[in-house]
$ cat model25.txt   # compact mmCIF, C-alpha atoms and all ligand atoms
# COMPACT_ATOMS: atom_id res chain seq x y z
CA MET L 223 -26.40 11.37 -1.94
CA ASN L 224 -25.01 9.12 0.80
CA ARG L 225 -22.56 6.70 -0.76
CA PRO L 226 -22.21 3.18 0.69
CA PHE L 227 -19.12 2.35 2.75
CA ASN L 228 -16.66 0.48 0.56
CA PHE L 229 -14.31 -1.94 2.36
CA SER L 230 -12.50 -3.18 -0.74
CA ALA L 231 -8.84 -4.18 -0.39
CA GLY L 232 -8.08 -2.48 -3.72
CA PRO L 233 -8.88 -0.90 -6.02
CA ALA L 234 -10.47 0.82 -3.08
CA ALA L 235 -12.55 3.79 -2.00
CA ILE L 236 -11.31 7.22 -3.05
CA PRO L 237 -12.18 10.30 -0.94
CA GLU L 238 -15.49 11.69 -2.15
CA GLU L 239 -14.06 15.23 -2.34
CA VAL L 240 -11.46 13.95 -4.79
CA LEU L 241 -14.04 12.19 -6.95
CA ARG L 242 -16.23 15.32 -7.00
CA GLN L 243 -13.33 17.57 -7.96
CA ALA L 244 -12.28 15.17 -10.73
CA ALA L 245 -15.88 15.04 -11.96
CA ALA L 246 -16.13 18.84 -12.01
CA GLU L 247 -12.86 19.09 -13.96
CA MET L 248 -13.55 16.12 -16.26
CA LEU L 249 -14.46 18.08 -19.39
CA ASP L 250 -12.38 21.19 -18.84
CA TRP L 251 -9.38 21.33 -16.55
CA HIS L 252 -8.85 24.87 -15.23
CA GLY L 253 -10.19 26.55 -18.38
CA SER L 254 -7.77 24.72 -20.67
CA GLY L 255 -10.61 23.34 -22.79
CA MET L 256 -9.26 19.81 -22.20
CA GLY L 257 -9.85 17.04 -19.73
CA VAL L 258 -6.69 15.68 -18.07
CA MET L 259 -6.91 12.39 -19.99
CA GLU L 260 -6.75 14.36 -23.24
CA MET L 261 -3.61 16.36 -22.51
CA SER L 262 -0.13 15.84 -23.85
CA HIS L 263 2.08 14.69 -21.00
CA ARG L 264 4.65 17.23 -22.21
CA GLY L 265 2.28 20.19 -22.35
CA LYS L 266 2.47 22.97 -19.74
CA GLU L 267 -0.88 21.98 -18.21
CA PHE L 268 0.11 18.42 -17.42
CA ILE L 269 3.63 19.41 -16.37
CA ALA L 270 2.02 21.73 -13.80
CA ILE L 271 -0.15 18.85 -12.52
CA TYR L 272 2.88 16.57 -12.37
CA GLU L 273 5.14 19.02 -10.55
CA GLN L 274 2.48 19.84 -7.99
CA ALA L 275 1.80 16.14 -7.34
CA GLU L 276 5.48 15.40 -6.88
CA ALA L 277 6.04 18.35 -4.56
CA ASP L 278 2.94 17.55 -2.51
CA LEU L 279 3.96 13.91 -2.12
CA ARG L 280 7.45 14.94 -1.02
CA GLU L 281 5.95 17.21 1.63
CA LEU L 282 3.32 14.70 2.71
CA LEU L 283 5.68 11.76 3.21
CA ALA L 284 8.64 13.96 4.22
CA VAL L 285 10.76 12.40 1.47
CA PRO L 286 14.39 13.56 1.93
CA PRO L 287 16.18 15.29 -0.98
CA GLU L 288 18.47 12.31 -1.67
CA PHE L 289 15.44 10.24 -2.71
CA ARG L 290 13.88 10.40 -6.17
CA ILE L 291 10.13 10.05 -6.70
CA LEU L 292 9.17 8.02 -9.77
CA PHE L 293 5.67 7.60 -11.19
CA MET L 294 5.64 4.33 -13.10
CA GLN L 295 3.27 1.67 -14.42
CA GLY L 296 2.98 -2.06 -13.83
CA GLY L 297 1.82 -2.19 -10.22
CA GLY L 298 3.40 -4.03 -7.33
CA VAL L 299 3.59 -7.28 -9.28
CA ALA L 300 5.72 -5.71 -11.99
CA GLU L 301 7.94 -4.15 -9.30
CA ASN L 302 8.62 -7.68 -8.05
CA ALA L 303 10.66 -8.07 -11.26
CA ILE L 304 11.73 -4.45 -11.73
CA VAL L 305 13.37 -4.21 -8.30
CA PRO L 306 15.70 -7.21 -8.75
CA MET L 307 16.43 -6.14 -12.34
CA ASN L 308 17.62 -2.81 -10.96
CA LEU L 309 19.13 -3.65 -7.62
CA SER L 310 20.21 -7.27 -7.39
CA ARG L 311 23.60 -6.94 -9.20
CA ALA L 312 25.44 -10.24 -8.81
CA ALA L 313 24.72 -10.70 -5.14
CA THR L 314 22.27 -12.46 -2.86
CA VAL L 315 18.88 -10.89 -2.18
CA ASP L 316 17.38 -11.40 1.27
CA PHE L 317 13.64 -11.82 1.74
CA VAL L 318 11.54 -11.48 4.84
CA VAL L 319 8.41 -13.47 4.03
CA THR L 320 5.43 -12.42 6.09
CA GLY L 321 2.47 -13.25 3.83
CA ALA L 322 1.22 -13.78 0.31
CA TRP L 323 2.71 -10.61 -1.15
CA SER L 324 6.28 -10.98 0.08
CA GLN L 325 6.07 -14.66 -0.89
CA LYS L 326 5.13 -13.64 -4.41
CA SER L 327 7.92 -11.06 -4.54
CA ARG L 328 10.43 -13.68 -3.49
CA LYS L 329 9.27 -16.10 -6.17
CA GLU L 330 9.60 -13.52 -8.90
CA ALA L 331 13.08 -12.48 -7.76
CA LEU L 332 14.27 -16.06 -8.37
CA LYS L 333 14.15 -15.24 -12.08
CA TYR L 334 16.55 -12.30 -11.85
CA ALA L 335 18.66 -12.41 -8.72
CA ALA L 336 21.90 -14.42 -8.58
CA GLU L 337 20.71 -15.94 -5.32
CA VAL L 338 17.61 -15.57 -3.22
CA HIS L 339 17.76 -16.20 0.49
CA THR L 340 14.83 -16.38 2.89
CA ALA L 341 16.07 -14.52 5.95
CA ALA L 342 12.87 -15.09 7.90
CA SER L 343 9.42 -16.49 7.29
CA GLY L 344 6.12 -16.34 9.11
CA GLU L 345 4.80 -19.36 7.24
CA ASP L 346 4.95 -21.65 10.30
CA SER L 347 2.37 -19.41 11.95
CA HIS L 348 0.27 -19.37 8.76
CA PHE L 349 1.34 -15.75 8.47
CA THR L 350 -0.42 -14.66 11.62
CA SER L 351 2.79 -13.24 13.06
CA ILE L 352 5.99 -11.46 12.00
CA PRO L 353 9.20 -13.16 13.16
CA ASP L 354 11.22 -11.07 15.60
CA PRO L 355 13.89 -9.16 13.61
CA ALA L 356 16.53 -10.34 16.11
CA SER L 357 15.99 -13.87 14.71
CA TRP L 358 16.41 -12.95 11.03
CA GLN L 359 19.26 -14.70 9.20
CA LEU L 360 20.52 -11.82 7.06
CA SER L 361 23.21 -12.56 4.46
CA ARG L 362 26.59 -10.90 4.34
CA GLY L 363 26.94 -8.52 1.42
CA ALA L 364 23.33 -8.86 0.23
CA SER L 365 22.34 -6.47 -2.54
CA TYR L 366 19.12 -5.64 -0.69
CA VAL L 367 16.61 -6.93 1.86
CA HIS L 368 12.96 -7.07 0.77
CA LEU L 369 9.92 -6.88 3.01
CA CYS L 370 6.26 -6.02 2.64
CA SER L 371 5.30 -3.40 5.23
CA ASN L 372 1.64 -4.40 5.14
CA GLU L 373 0.41 -7.78 3.96
CA THR L 374 -2.94 -6.98 2.38
CA ILE L 375 -4.23 -10.57 2.39
CA HIS L 376 -2.99 -11.84 5.77
CA GLY L 377 -3.49 -8.55 7.60
CA VAL L 378 -0.05 -8.27 9.19
CA GLU L 379 1.82 -4.98 9.32
CA PHE L 380 5.24 -3.80 10.45
CA HIS L 381 4.59 -1.13 13.05
CA GLU L 382 8.25 -0.22 12.89
CA LEU L 383 10.62 -0.78 9.99
CA PRO L 384 13.72 -2.75 11.01
CA ASP L 385 17.04 -0.99 11.45
CA LEU L 386 19.11 -3.31 9.26
CA ARG L 387 22.43 -1.84 10.40
CA ALA L 388 21.59 -2.69 13.99
CA LEU L 389 20.84 -6.25 12.78
CA GLY L 390 24.28 -6.52 11.17
CA SER L 391 23.36 -5.93 7.52
CA ASP L 392 24.51 -2.97 5.48
CA ALA L 393 22.14 -3.78 2.60
CA PRO L 394 19.45 -1.27 1.59
CA LEU L 395 15.92 -2.09 2.68
CA VAL L 396 13.31 -2.46 -0.08
CA VAL L 397 9.75 -1.99 1.14
CA ASP L 398 6.55 -2.92 -0.67
CA PHE L 399 4.24 -0.32 0.87
CA SER L 400 1.41 -0.83 -1.65
CA SER L 401 -1.25 -1.18 1.01
CA ASN L 402 -0.11 1.13 3.80
CA VAL L 403 1.52 3.99 1.91
CA ALA L 404 0.36 7.38 3.19
CA SER L 405 -1.40 5.80 6.18
CA ARG L 406 1.50 6.54 8.55
CA PRO L 407 4.89 8.28 8.39
CA VAL L 408 7.87 6.48 6.79
CA ASP L 409 11.27 6.38 8.52
CA TRP L 410 13.35 7.06 5.41
CA SER L 411 16.61 6.64 7.34
CA ARG L 412 15.86 2.89 7.30
CA VAL L 413 14.76 2.64 3.64
CA GLY L 414 16.61 2.35 0.33
CA LEU L 415 13.59 1.98 -1.91
CA ALA L 416 9.83 1.83 -1.40
CA PHE L 417 7.26 0.95 -4.02
CA GLY L 418 3.51 0.65 -4.17
CA GLY L 419 0.56 0.50 -6.50
CA ALA L 420 -1.73 3.51 -6.12
CA GLN L 421 -5.05 1.69 -5.96
CA LYS L 422 -5.43 1.49 -2.19
CA ASN L 423 -4.47 4.77 -0.59
CA LEU L 424 -3.41 7.03 -3.45
CA GLY L 425 -5.78 6.78 -6.40
CA PRO L 426 -6.66 4.58 -9.36
CA ALA L 427 -4.95 1.39 -10.52
CA GLY L 428 -2.37 1.91 -13.23
CA LEU L 429 -0.03 4.20 -11.31
CA THR L 430 2.92 2.83 -9.35
CA LEU L 431 4.88 4.96 -6.94
CA VAL L 432 8.60 4.31 -6.47
CA VAL L 433 10.71 6.30 -4.01
CA VAL L 434 14.37 5.42 -4.41
CA ARG L 435 17.62 6.64 -2.84
CA GLU L 436 19.83 8.17 -5.51
CA ASP L 437 22.86 5.96 -4.85
CA LEU L 438 20.80 2.89 -5.85
CA LEU L 439 20.27 4.20 -9.39
CA GLY L 440 22.42 3.05 -12.28
CA HIS L 441 22.96 -0.62 -11.42
CA ALA L 442 20.31 -2.25 -13.65
CA LEU L 443 20.99 -5.62 -15.24
CA PRO L 444 21.48 -5.44 -19.04
CA ILE L 445 18.17 -7.25 -19.59
CA CYS L 446 16.19 -4.55 -17.76
CA PRO L 447 13.74 -2.84 -20.14
CA SER L 448 14.57 0.85 -20.54
CA ALA L 449 11.10 1.90 -19.40
CA PHE L 450 11.76 0.05 -16.12
CA ASP L 451 15.34 1.18 -15.55
CA TYR L 452 15.05 3.47 -12.51
CA ALA L 453 18.05 5.57 -13.60
CA ILE L 454 16.45 6.26 -16.99
CA VAL L 455 13.03 6.93 -15.45
CA ALA L 456 14.61 9.30 -12.90
CA GLU L 457 16.69 11.09 -15.53
CA HIS L 458 13.54 11.75 -17.58
CA ARG L 459 11.46 12.69 -14.50
CA SER L 460 9.05 9.79 -15.20
CA MET L 461 8.54 10.98 -18.80
CA TYR L 462 10.81 8.53 -20.63
CA ASN L 463 7.60 6.91 -21.80
CA THR L 464 4.07 8.31 -21.43
CA PRO L 465 3.33 8.19 -17.72
CA PRO L 466 -0.11 7.22 -16.36
CA THR L 467 -1.35 10.80 -16.54
CA TRP L 468 -4.85 10.22 -15.14
CA GLY L 469 -3.47 8.27 -12.20
CA ILE L 470 -0.94 11.00 -11.41
CA TYR L 471 -3.70 13.62 -11.53
CA ILE L 472 -6.03 11.72 -9.18
CA ALA L 473 -3.14 10.88 -6.86
CA GLY L 474 -2.26 14.59 -6.89
CA LEU L 475 -5.80 15.51 -5.82
CA THR L 476 -5.55 12.85 -3.11
CA PHE L 477 -2.23 14.28 -1.87
CA GLN L 478 -3.90 17.69 -1.55
CA TRP L 479 -6.82 16.12 0.30
CA LEU L 480 -4.36 14.42 2.65
CA LEU L 481 -2.46 17.65 3.26
CA ARG L 482 -5.75 19.33 4.27
CA GLN L 483 -6.61 16.71 6.93
CA ARG L 484 -6.55 17.76 10.60
CA GLU L 485 -6.98 15.69 13.72
CA GLY L 486 -6.41 17.67 16.89
CA GLU L 487 -2.94 19.22 16.56
CA ALA L 488 -1.92 16.78 13.85
CA THR L 489 -2.09 17.50 10.12
CA GLY L 490 -1.53 15.52 6.92
CA ILE L 491 -0.08 12.05 7.41
CA ALA L 492 0.12 12.46 11.19
CA ALA L 493 -3.61 13.21 11.23
CA MET L 494 -4.32 10.21 9.01
CA GLU L 495 -2.25 8.00 11.26
CA ARG L 496 -4.22 9.05 14.35
CA ARG L 497 -7.47 8.37 12.57
CA ASN L 498 -6.24 5.01 11.24
CA ILE L 499 -5.16 3.93 14.72
CA ALA L 500 -8.55 4.88 16.15
CA LYS L 501 -10.47 3.05 13.40
CA ALA L 502 -8.40 -0.14 13.71
CA GLU L 503 -8.53 -0.17 17.53
CA ARG L 504 -12.29 0.19 17.40
CA LEU L 505 -12.78 -2.77 15.05
CA TYR L 506 -10.21 -5.08 16.69
CA GLY L 507 -11.67 -4.16 20.07
CA TYR L 508 -15.12 -5.22 18.95
CA ILE L 509 -13.91 -8.45 17.31
CA ASP L 510 -11.82 -9.46 20.34
CA GLN L 511 -14.67 -9.14 22.83
CA SER L 512 -17.03 -11.12 20.58
CA GLN L 513 -17.63 -14.88 20.79
CA PHE L 514 -18.91 -14.86 17.22
CA TYR L 515 -16.05 -13.30 15.21
CA VAL L 516 -12.32 -13.91 15.40
CA ASN L 517 -9.11 -12.30 14.09
CA GLN L 518 -6.10 -14.61 14.32
CA VAL L 519 -3.24 -12.16 13.87
CA ALA L 520 -0.78 -11.58 16.73
CA PRO L 521 -1.54 -8.24 18.39
CA HIS L 522 1.97 -6.80 17.84
CA CYS L 523 1.61 -6.94 14.06
CA ARG L 524 -2.08 -6.48 13.34
CA SER L 525 -2.67 -4.38 10.26
CA ARG L 526 -4.41 -1.04 10.59
CA MET L 527 -5.38 -1.22 6.94
CA ASN L 528 -6.67 -4.74 6.30
CA ILE L 529 -8.53 -6.55 9.04
CA PRO L 530 -9.39 -10.14 8.16
CA PHE L 531 -11.92 -11.83 10.43
CA LEU L 532 -13.74 -15.14 10.46
CA LEU L 533 -17.25 -15.96 11.57
CA ARG L 534 -16.86 -18.85 13.98
CA ASP L 535 -19.66 -20.49 12.03
CA GLU L 536 -18.48 -20.31 8.42
CA ALA L 537 -21.86 -21.53 7.16
CA ARG L 538 -23.17 -18.03 7.83
CA ASN L 539 -20.69 -16.23 5.53
CA ASP L 540 -23.07 -15.74 2.60
CA ALA L 541 -25.85 -14.44 4.82
CA PHE L 542 -23.42 -12.06 6.48
CA LEU L 543 -22.28 -10.65 3.14
CA ALA L 544 -25.80 -10.34 1.75
CA GLY L 545 -26.98 -8.44 4.85
CA ALA L 546 -23.92 -6.20 4.69
CA ARG L 547 -24.62 -5.30 1.06
CA GLU L 548 -28.23 -4.46 1.92
CA ARG L 549 -26.96 -2.00 4.51
CA GLY L 550 -24.51 -0.34 2.14
CA LEU L 551 -21.40 -2.10 3.48
CA LEU L 552 -19.63 -3.25 0.35
CA GLN L 553 -16.82 -5.66 -0.62
CA LEU L 554 -16.27 -7.35 2.74
CA LYS L 555 -15.58 -10.82 1.36
CA GLY L 556 -12.18 -12.09 2.48
CA HIS L 557 -9.45 -13.20 0.11
CA LYS L 558 -10.01 -16.80 -1.00
CA SER L 559 -6.71 -18.01 0.51
CA VAL L 560 -7.73 -16.87 4.01
CA GLY L 561 -11.53 -17.09 3.77
CA GLY L 562 -14.05 -15.28 5.93
CA MET L 563 -14.23 -11.50 5.76
CA ARG L 564 -11.79 -8.66 5.33
CA ALA L 565 -12.49 -5.06 6.19
CA SER L 566 -10.01 -2.70 4.55
CA LEU L 567 -9.86 0.60 6.39
CA TYR L 568 -7.75 2.76 4.10
CA ASN L 569 -7.50 6.54 4.48
CA ALA L 570 -10.75 7.17 2.63
CA MET L 571 -12.77 5.08 5.11
CA PRO L 572 -14.22 7.37 7.78
CA MET L 573 -14.85 6.29 11.39
CA GLU L 574 -18.58 6.35 10.56
CA GLY L 575 -17.98 3.44 8.18
CA VAL L 576 -16.31 1.44 10.95
CA GLU L 577 -19.18 2.26 13.33
CA ALA L 578 -21.72 1.18 10.72
CA LEU L 579 -19.85 -2.10 10.20
CA ILE L 580 -19.69 -2.80 13.94
CA ALA L 581 -23.40 -1.99 14.37
CA TYR L 582 -24.18 -4.49 11.62
CA MET L 583 -21.82 -7.14 13.04
CA ARG L 584 -23.49 -6.78 16.43
CA GLU L 585 -26.96 -7.05 14.93
CA PHE L 586 -25.97 -10.12 12.90
CA GLU L 587 -24.44 -11.74 15.96
CA GLN L 588 -27.60 -11.13 18.02
CA HIS L 589 -29.74 -12.72 15.32
CA HIS L 590 -27.56 -15.76 14.78
CA ALA L 591 -25.74 -16.48 18.04
N1 LIG L 601 1.86 -5.78 -3.00
C1 LIG L 601 0.84 -5.63 -2.15
C2 LIG L 601 1.12 -5.46 -0.69
C3 LIG L 601 -0.47 -5.65 -2.64
O1 LIG L 601 -1.50 -5.54 -1.80
C4 LIG L 601 -0.70 -5.80 -4.01
C5 LIG L 601 -2.08 -5.78 -4.61
N2 LIG L 601 -3.12 -6.13 -3.82
C6 LIG L 601 0.40 -5.94 -4.85
C7 LIG L 601 1.67 -5.92 -4.31
C8 LIG L 601 0.23 -6.13 -6.32
O2 LIG L 601 -0.21 -5.00 -6.91
P1 LIG L 601 -0.70 -5.00 -8.45
O3 LIG L 601 -1.83 -5.94 -8.55
O4 LIG L 601 -1.06 -3.56 -8.65
O5 LIG L 601 0.46 -5.40 -9.28
$ encode --input "model25.txt" --output "structure tokens" --more "lines below"
Ligand code: PMP
Amino acid sequence: MNRPFNFSAGPAAIPEEVLRQAAAEMLDWHGSGMGVMEMSHRGKEFIAIYEQAEADLRELLAVPPEFRILFMQGGGVAENAIVPMNLSRAATVDFVVTGAWSQKSRKEALKYAAEVHTAASGEDSHFTSIPDPASWQLSRGASYVHLCSNETIHGVEFHELPDLRALGSDAPLVVDFSSNVASRPVDWSRVGLAFGGAQKNLGPAGLTLVVVREDLLGHALPICPSAFDYAIVAEHRSMYNTPPTWGIYIAGLTFQWLLRQREGEATGIAAMERRNIAKAERLYGYIDQSQFYVNQVAPHCRSRMNIPFLLRDEARNDAFLAGARERGLLQLKGHKSVGGMRASLYNAMPMEGVEALIAYMREFEQHHA
């Protein structure tokens, strides 16, 4: 069976090998007589799944030993509250606002942080560009600096995380990497905490990944719920409450799939990154040479994961989407705040999917130009 190509921004396509393995193990995991959803999270079977997933993720993302890996629930939106409840102490929190998601994070932090300061904003450019880090107005003594490494809606991505020390701030950097986690390596020397929902590059919705430097644990505000206190979650190895067991299992299968990937000399995340660069360059290249489609994001910060594009004649949007569906190109409708189309090219999207999309875009252009 040839499955359609699914361009959803999330929940998004999962590698077919992972889905097939999960299907094969659905009724009986490794001869245990149980499916993973039916297992006690404290039983030896699930503990084995958990430990493997954690170890594989550490290897995959090269997470240094001084960072803890937490598997939580609540998604990125809950982390917008959980992060300030854990890290804001009584100090100012700095925000770098580069699109809808960092804007939302900033708004939520207003409820918990003593003071919220916007260090930089791309709003003047309608979030088509990331302000140069040299222009950021970072606060003295901030408890942390928040940014979103890939804005899923506006399609802007940091191709390098800022070195806050070089910019005069000694605050830890908090990164929302929901929509580009595992698509490229992470420079952990620049990060204090990174969080992301699983439903784009890691697995099903319901699992939230948090990677946090140990020295940031133990500073939660008294109002922080115990299940969301990073120190408590870390102490109990994500088992203070029942963790999202199915999500951890599927993410674990995805980590193994990622570790198996090869692209020339590169393996794992490095292989994925090469592939993601090639896919994105191919699609941007096609859009840029066309008179019919347009992407408005500044080249230095174009997302490899989420590529929004407009038809110059918006009246053709519905016809474009209907034709795409007929050809097995699914979920291309753009977010309502930006309009037009959005092609999300997460890890599970092969180059063939990008080629099929471009072939369709060309055909549509020829018919309607
Ligand atoms: N941050 C980013 C960058 C996202 O793309 C999303 C979801 N699209 C979220 C946060 C929110 O995630 P959730 O809906 O899982 O809470």
$ closest_residue --input "model25.txt" --among "L:Ala335, L:Ala303, L:Val319, L:Met294" --to "L:Asn463" --atoms "all atoms listed in the file"
L:Met294
$ atom_distance --input "model25.txt" --atom1 "atom CA of L:His557" --atom2 "atom CA of L:Asn569"
20.3 Å
$ atom_distance --input "model25.txt" --atom1 "atom O5 of ligand LIG 601 (chain L)" --atom2 "atom CA of L:Ala427"
8.8 Å
$ residues_near_ligand --input "model25.txt" --ligand "ligand LIG 601 (chain L)" --cutoff "9 Å" --atoms "all atoms listed in the file" --output "number ranges by chain"
L: 231-233, 295-302, 322-324, 326-327, 370-375, 398-402, 417-422, 427-430
$ atom_distance --input "model25.txt" --atom1 "atom CA of L:Glu379" --atom2 "atom CA of L:Asp278"
25.5 Å
$ residues_around --input "model25.txt" --residues "stretch 525-533 of chain L" --least-positions-apart "3" --cutoff "8 Å" --atoms "all atoms listed in the file" --output "CSV table (one decimal) with C-alpha atoms, in the coordinates of the input"
chain,number,residue,atom,x,y,z
L,231,ALA,CA,-8.8,-4.2,-0.4
L,372,ASN,CA,1.6,-4.4,5.1
L,373,GLU,CA,0.4,-7.8,4.0
L,374,THR,CA,-2.9,-7.0,2.4
L,375,ILE,CA,-4.2,-10.6,2.4
L,376,HIS,CA,-3.0,-11.8,5.8
L,377,GLY,CA,-3.5,-8.6,7.6
L,378,VAL,CA,0.0,-8.3,9.2
L,379,GLU,CA,1.8,-5.0,9.3
L,380,PHE,CA,5.2,-3.8,10.4
L,401,SER,CA,-1.2,-1.2,1.0
L,402,ASN,CA,-0.1,1.1,3.8
L,498,ASN,CA,-6.2,5.0,11.2
L,499,ILE,CA,-5.2,3.9,14.7
L,501,LYS,CA,-10.5,3.0,13.4
L,502,ALA,CA,-8.4,-0.1,13.7
L,506,TYR,CA,-10.2,-5.1,16.7
L,509,ILE,CA,-13.9,-8.4,17.3
L,514,PHE,CA,-18.9,-14.9,17.2
L,515,TYR,CA,-16.0,-13.3,15.2
L,516,VAL,CA,-12.3,-13.9,15.4
L,517,ASN,CA,-9.1,-12.3,14.1
L,518,GLN,CA,-6.1,-14.6,14.3
L,536,GLU,CA,-18.5,-20.3,8.4
L,538,ARG,CA,-23.2,-18.0,7.8
L,539,ASN,CA,-20.7,-16.2,5.5
L,556,GLY,CA,-12.2,-12.1,2.5
L,561,GLY,CA,-11.5,-17.1,3.8
L,562,GLY,CA,-14.0,-15.3,5.9
L,563,MET,CA,-14.2,-11.5,5.8
L,564,ARG,CA,-11.8,-8.7,5.3
L,565,ALA,CA,-12.5,-5.1,6.2
L,566,SER,CA,-10.0,-2.7,4.6
L,567,LEU,CA,-9.9,0.6,6.4
L,568,TYR,CA,-7.8,2.8,4.1
$ closest_atom_pairs --input "model25.txt" --of "stretch 284-349 of chain L" --to "stretch 358-367 of chain L" --cutoff "8 Å" --atoms "only C-alpha atoms" --output "CSV"
residue,atom,partner,partner_atom,distance
L:Leu309,CA,L:Ser365,CA,6.6
L:Ser310,CA,L:Ser365,CA,5.4
L:Arg311,CA,L:Ser365,CA,6.8
L:Ala312,CA,L:Ser365,CA,7.9
L:Ala313,CA,L:Ser365,CA,5.5
L:Thr314,CA,L:Ala364,CA,4.9
L:Val315,CA,L:Ala364,CA,5.5
L:Asp316,CA,L:Val367,CA,4.6
L:Phe317,CA,L:Val367,CA,5.7
L:Val318,CA,L:Val367,CA,7.4
L:His339,CA,L:Ser361,CA,7.7
L:Thr340,CA,L:Gln359,CA,7.9
L:Ala341,CA,L:Gln359,CA,4.6
L:Ala342,CA,L:Trp358,CA,5.2
$ closest_atom_pairs --input "model25.txt" --of "stretch 428-473 of chain L" --to "stretch 238-250 of chain L" --cutoff "12 Å" --atoms "all atoms listed in the file" --output "tab-separated table"
residue	atom	partner	partner_atom	distance
L:Trp468	CA	L:Ala244	CA	10.0
L:Gly469	CA	L:Ala244	CA	11.3
L:Tyr471	CA	L:Ala244	CA	8.8
L:Ile472	CA	L:Ala244	CA	7.3
L:Ala473	CA	L:Val240	CA	9.1
$ closest_residue --input "model25.txt" --among "L:Glu273, L:Ala520, L:Leu279, L:Leu415" --to "L:Leu438" --atoms "all atoms listed in the file"
L:Leu415
$ residues_around --input "model25.txt" --residues "L:Leu480" --least-positions-apart "4" --cutoff "7 Å" --atoms "only C-alpha atoms" --output "count of residues only"
3
